[in-house]
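Heads up: the structure comes next, in structure tokens.
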2 protein chains.
Amino acid sequence: MGRAKGYEQVGAATMLRSDPYDCWLGYRTGQETEHPAWRRARCAAVASRGGSEVLATARDELLRGLSGVLGVVPVVVPESSTEPHVLLAEPGSVVARGVLSHLPEAAAEASELCVVVDEEPAGGSGAGRTIITANTDAGCLHAVFAFLRRLQLEPGARDLSLVECTPNTLRMLDHWDNLDGTVERGYAGSSIFFRDGRVTTDLSRVRDYARLLASVGVNGVCINNVNVGQQAAALLTTDHLPDLASLARVLRRYGITLWLSVSFASPIMLATLPTADPLDTEVRSWWSDVAAEVYRWIPDLGGFVVKADSESRPGPHRYGRTQAEGANMLAAALRPFGGVVLWRAFVYDCNQDWRDRSTDRARAAYDTFMPLDGAFDDNVVVQVKHTPLDFQVREPISPLLGALRRTSLAVEVQVTQEYTGQQKDLCFLLPQWHEALSDTLQVQGSTVRIARVVSGQHDQRPLGGVVGVANVGDDPSWTGHVLAQANLYAFGRLAWELDVDPELVAWEWVGQTFGVAEPVASTVVGMLLASWSIYESYTAPLGVGWMITPGHHYGPDVDGYEYSRWGTYHFADRDGVGVDRTVDTGSGYSAQYDASRAPVYNDIARCPDELLLFFHHVSYQHRLHSGKTVIQHIYDSHFEGVTRVEWLAEQWSSLEGHVDPIRFREVNERFQCQLANARQWRDVIVTYFYRKSGAPDEQGRSIYA
Amino acid sequence: MGRAKGYEQVGAATMLRSDPYDCWLGYRTGQETEHPAWRRARCAAVASRGGSEVLATARDELLRGLSGVLGVVPVVVPESSTEPHVLLAEPGSVVARGVLSHLPEAAAEASELCVVVDEEPAGGSGAGRTIITANTDAGCLHAVFAFLRRLQLEPGARDLSLVECTPNTLRMLDHWDNLDGTVERGYAGSSIFFRDGRVTTDLSRVRDYARLLASVGVNGVCINNVNVGQQAAALLTTDHLPDLASLARVLRRYGITLWLSVSFASPIMLATLPTADPLDTEVRSWWSDVAAEVYRWIPDLGGFVVKADSESRPGPHRYGRTQAEGANMLAAALRPFGGVVLWRAFVYDCNQDWRDRSTDRARAAYDTFMPLDGAFDDNVVVQVKHTPLDFQVREPISPLLGALRRTSLAVEVQVTQEYTGQQKDLCFLLPQWHEALSDTLQVQGSTVRIARVVSGQHDQRPLGGVVGVANVGDDPSWTGHVLAQANLYAFGRLAWELDVDPELVAWEWVGQTFGVAEPVASTVVGMLLASWSIYESYTAPLGVGWMITPGHHYGPDVDGYEYSRWGTYHFADRDGVGVDRTVDTGSGYSAQYDASRAPVYNDIARCPDELLLFFHHVSYQHRLHSGKTVIQHIYDSHFEGVTRVEWLAEQWSSLEGHVDPIRFREVNERFQCQLANARQWRDVIVTYFYRKSGAPDEQGRSIYA
């Protein structure tokens, strides 16, 4: 394929033409010679009978992918063809049932199940087919992408058979896009969904986005900001529903359902009712009518995403009702249409008094939602951020994830790099997500992986979900920093399989984006895998977080949140730093964890170094498990952090001539920003703590005292 | 008069009806009974022959004022009337010449001269006249306002004769209004000049504003932001000139000339020239053409205000030219039309590296402009902020004001309370301005008052000016905080007479705004006069400044500007705080002052306490002239500051029933904001310095360590 408009052809044989717009779906020719001849011959014919729109999309993608990757132009043949071909078998067909019946029973419990059976090339009766199928139409599309992925990553392989299944019902991206086209916490241009107060009518970019998402199995998109203002509330009205219906149609072809963020105060904003009390009859009836109208236009709408009683948004607390009463009211309105309420657990006091040491924001979600476990209707999913505060570079996992047992859960991760470098700094987030979500915890005496909890597998909850806050905009590369596309890709893979191996995903993304050739592949994989740890090393130390500039959240301001209303403090003084969240002398937050973690976090001697200041207030001379004092660790990690960013920049520089010049230059420019940012962080943090502690650096490096 | 729409009549006899919109020009009846009968009789007849628009305005205002203050409805009589009357004598008339010829010669050198001769009531040939006149038409208008002012403030006086003169040619307000209607650093609503990208067409509010300004002698208004963006650059084109001409007409009737801020890059922005180099022939010719076109529409335009090479604005430095070359180029374009260039001296490096101790922003204006003294054409006025940095609550005076000797000067003060409470907190600024501008300095061995320097009286420079950054918007009270109207009033009085006594002006303003009756008058005067010192006491201590929240500049953030690019640092560490600007160990800034001040500021033992941290880095245990240590001063002043705000609030509360309920309530609400703000400042500053220094408070008060 190659949408290589305006790109120069470069000489090096291993360098693939590419356009950042294509992300990992460039299907660039160049590897075709490595594929065996029988593969090329088989892939020159495709059989597909499926009639649904999604199956048509899957077939088109298969044709597009094969022609791009193999340089063939496949013909479409009948399903009965005895010549070698690739068969896209629709769910329920004889072939599909045959294939699926051979799988282990566990796979049958999956929410989605994709299978490729790659028959022996010179085989018997099957006449050399590759069968692609699944348990759903969307699964077939995902199976096509999975097959094309392996085809690119293992060009010489004799057998590309695969079984991929996911237990996660919802795999969804939340956009914080506003109707005026701005994107809250967006670092990649304007909204691809809205412009000048309306839903965009140019849907070609939405289609290309849907394709990107489908390629990694994402099946839901909430397109508008969870902070729903007056203008966006009107999305529920016929002012916008026709446009939304057109947009949903584009998504639907890729197996993706549309979701909408709604304001809990909509009855007041749109209907001038005097209240939004969830127990009020008029309010309930208004929501039912609205749901009916919305579903009339978009029959497969996923449902509503709600940020209620959170950062000044309206919610049931205003009426003395619980979060469950609020969520269930909306759930009742959506139930007749099969809709779901995604109810965010991000509820805390954002008007805290910093003088008040008795309140601890980290406790808030647990304190609010634990008493309601079991009280939510079964078409309510509580959406829980994976960190107790708000996506700092290092936090412990939210204790709610292990604790809620009778509530459907979705875990929320932040793909957009709000606190992690804003797509100027490289920060591949999958290692962070993986560390949190592949963790284990003790539930009623048995050890369970978080992944299983989120997937609803530790008890009988019907829905499990993974939600990411999207990192794309109308930037030509979608994500601003070209390498930040890896976070979008990784999110899809994580949502499919919470245990997924970051290193594997990095290889997948690099192979599809830049090709599998060296030195690019292993260099970029190495950069990606190191980047989170590097970002951590030059920013807030040892899990304390929040030393970031208030408002825009890029660059350091150590005290910026120290005396504010946001509940985010580090308590640094001339003797020490950190937040005492222990049971005996602190906020008691550590006790919210299960038995496998609470005693560890609570004990200054056992708490992991990287979370020490999250749980304990310690002297600068406190000695870490690493053997260093806290203050020396702060100095060392920050000086090393900059050195490591220099290493990143050098790694990238070394690829000049091996990566197409557009992407090379764009990424290079980003590293110059990151270097400046890292130096500013280093010097500010080091100077701040030197001025406070007076402790000399053992290595006598430059501190701007 | 009384634009008392919607206001309830309140009982107390001493309480005057009023509307915040009227400011100090309510001319409220209520005092008429205190005026002697002969005064009321004389003021019942007015003679005026003058034909100019401004004289017509003066006569109308006189009629309006007399009817309001005295409750009479004056008739217009011929100038020859032998009955008692008030005569508005036009400049150049026989009467005017007679009156002016009796004044001392010094008065004749004034830029403007207003006279009232109040003849004895039972007198001889003059038949009991009050003659109001001046050396210009605008002067007559100002004389009318001066007469009405005295009439209100001294209701029983037998003789209201007065001579008021000013040496200051320019008395002007700069608006930082944007064409979209927003106001940079505005705290009182939207622009009264612009809306939705256009000059407003509803000019009634502009007219009322012109009246307010004329009442205190202001004679120029620059209506658009000195930060001129693309949209505002177009003010120089016929897209906007017709509207500007209409607006100028409204101002002209009040003796006020219009000025425009222009972008130095206009030739690039508007004409797509490749350069804005001031020595480029095409650029010079473009500006000449523009000036001709602008003056065709607005023949009495004051000229252009220019912020060049300042905070990322374009300027001559970009082309390797000096500030003088830039200014003189524009001056040449304006000269044929009598126009003047107001060239701001606010030039400094706003991309400073905080690690670099060798650069001191305080030095910048002096270092840039002193070498150019004498190089500016005589229709260029260099506009110098009265403080070296940027209008902090306490700074020393700018050393440029004393040093530039062969350059026309305008001094710039900030009426809008950017760093001084944003019209939420009460801060009457005249005491601050007075302290700076009534100061003395040594010029070539002789002692000269700053006021004389600014007025151009210490040598032969033709122009002297006083410019204030305006504090008004479309708020119903013009200034947000009703009491902040006093700053607008005071600015006019300061611009007229830089030596003016703050206490006198406070009495004037209170008397005209609330009436002269007690307890209101002396209570409000006391509040105003204490307010600057109170604001200082709870904010950044001892002249160090810049402990304010970056961006919006309200509330504390001690380190907010400490590691930034703005050149504004306090260098607090665990041992001490302050900026070393001495000659031997610091930036050497202190040497920019004249012989009367340099050695004082440079000497830690002689430097005034209130400026200590501006000039010196000292230990927390350093003992002030006051006898306190620096740290104890910080604690004490901040605890006292809050107590003093409580006192302010109580003082105002005590006036309930004596002040109209609208203004009473509005001001009361502002004091609640101020109390919260003062407490936040107190607790943050005290906690910050306690955490850093570890020094206990001698009085053991609450510190949130």
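Labels for the structure tokens follow display order: chains A, B, ..., residues from 1 in each chain, ligands from 1.
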Can you write out as a tab-separated table which residues of chain A fall within 7 Å of chain B, alongside each residue's closest atom pair and its distance in Å to one decimal, counting only C-alpha atoms and ordering rows by chain and ascending residue number?
residue	atom	partner	partner_atom	distance
A:Arg355	CA	B:Tyr704	CA	6.0
A:Asp557	CA	B:Gly560	CA	6.8
A:Asp559	CA	B:Asp559	CA	6.6
A:Gly560	CA	B:Gly560	CA	6.6
A:Tyr563	CA	B:Val684	CA	6.5
A:Asp573	CA	B:Arg691	CA	4.5
A:Arg574	CA	B:Lys692	CA	5.3
A:Val684	CA	B:Tyr563	CA	6.5
A:Arg691	CA	B:Asp573	CA	4.5
A:Lys692	CA	B:Arg574	CA	5.3
A:Tyr704	CA	B:Arg355	CA	6.0
Fill in: strand (DSSP E or B) call set, DSSP backbone run, segment 521-698 of chain B, as an NGL selection string
:B and (548 or 556 or 576-577 or 618-619 or 623 or 629 or 656 or 659)
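Distances here use only C-alpha atoms; by that measure, the residue among A:Val216, A:Leu203, A:Leu270, A:Ile534 closest to Leu251 of chain A is A:Leu203.
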Fill in: DSSP helix (DSSP H, G or I) residues within segment 174-385 of chain A, listed as number ranges by chain
A: 204-215, 230-236, 241-252, 266-271, 281-297, 316-319, 323-337, 361-372
Discussion item. Can you tell me which residues surround Trp566 of chain B at a distance of at most 8 Å, considering only C-alpha atoms, apart from same-chain residues fewer than 6 positions away, and format the answer as a ChimeraX atom specification?
Written reply: /B:349-352
Atoms kept (C-alpha atoms) for selection, written as a compact mmCIF listing (two decimals), in the first residue's frame:
# COMPACT_ATOMS: atom_id res chain seq x y z
CA ASP B 349 15.26 38.70 28.61
CA CYS B 350 12.15 36.65 29.33
CA ASN B 351 13.93 33.44 28.44
CA GLN B 352 16.48 33.62 31.18
Item to complete: Tell me which protein, DNA and RNA residues are within 7 Å of Val77 of chain A, counting only C-alpha atoms, leaving out same-chain ones fewer than 4 positions away, and put them as a ChimeraX atom specification.
Response: /A:45-47,81
Worksheet item: For Ala41 of chain A, which residue out of A:Leu63, A:Cys23, A:Val73, A:Ala232 is the nearest one, using only C-alpha atoms?
Response: A:Val73
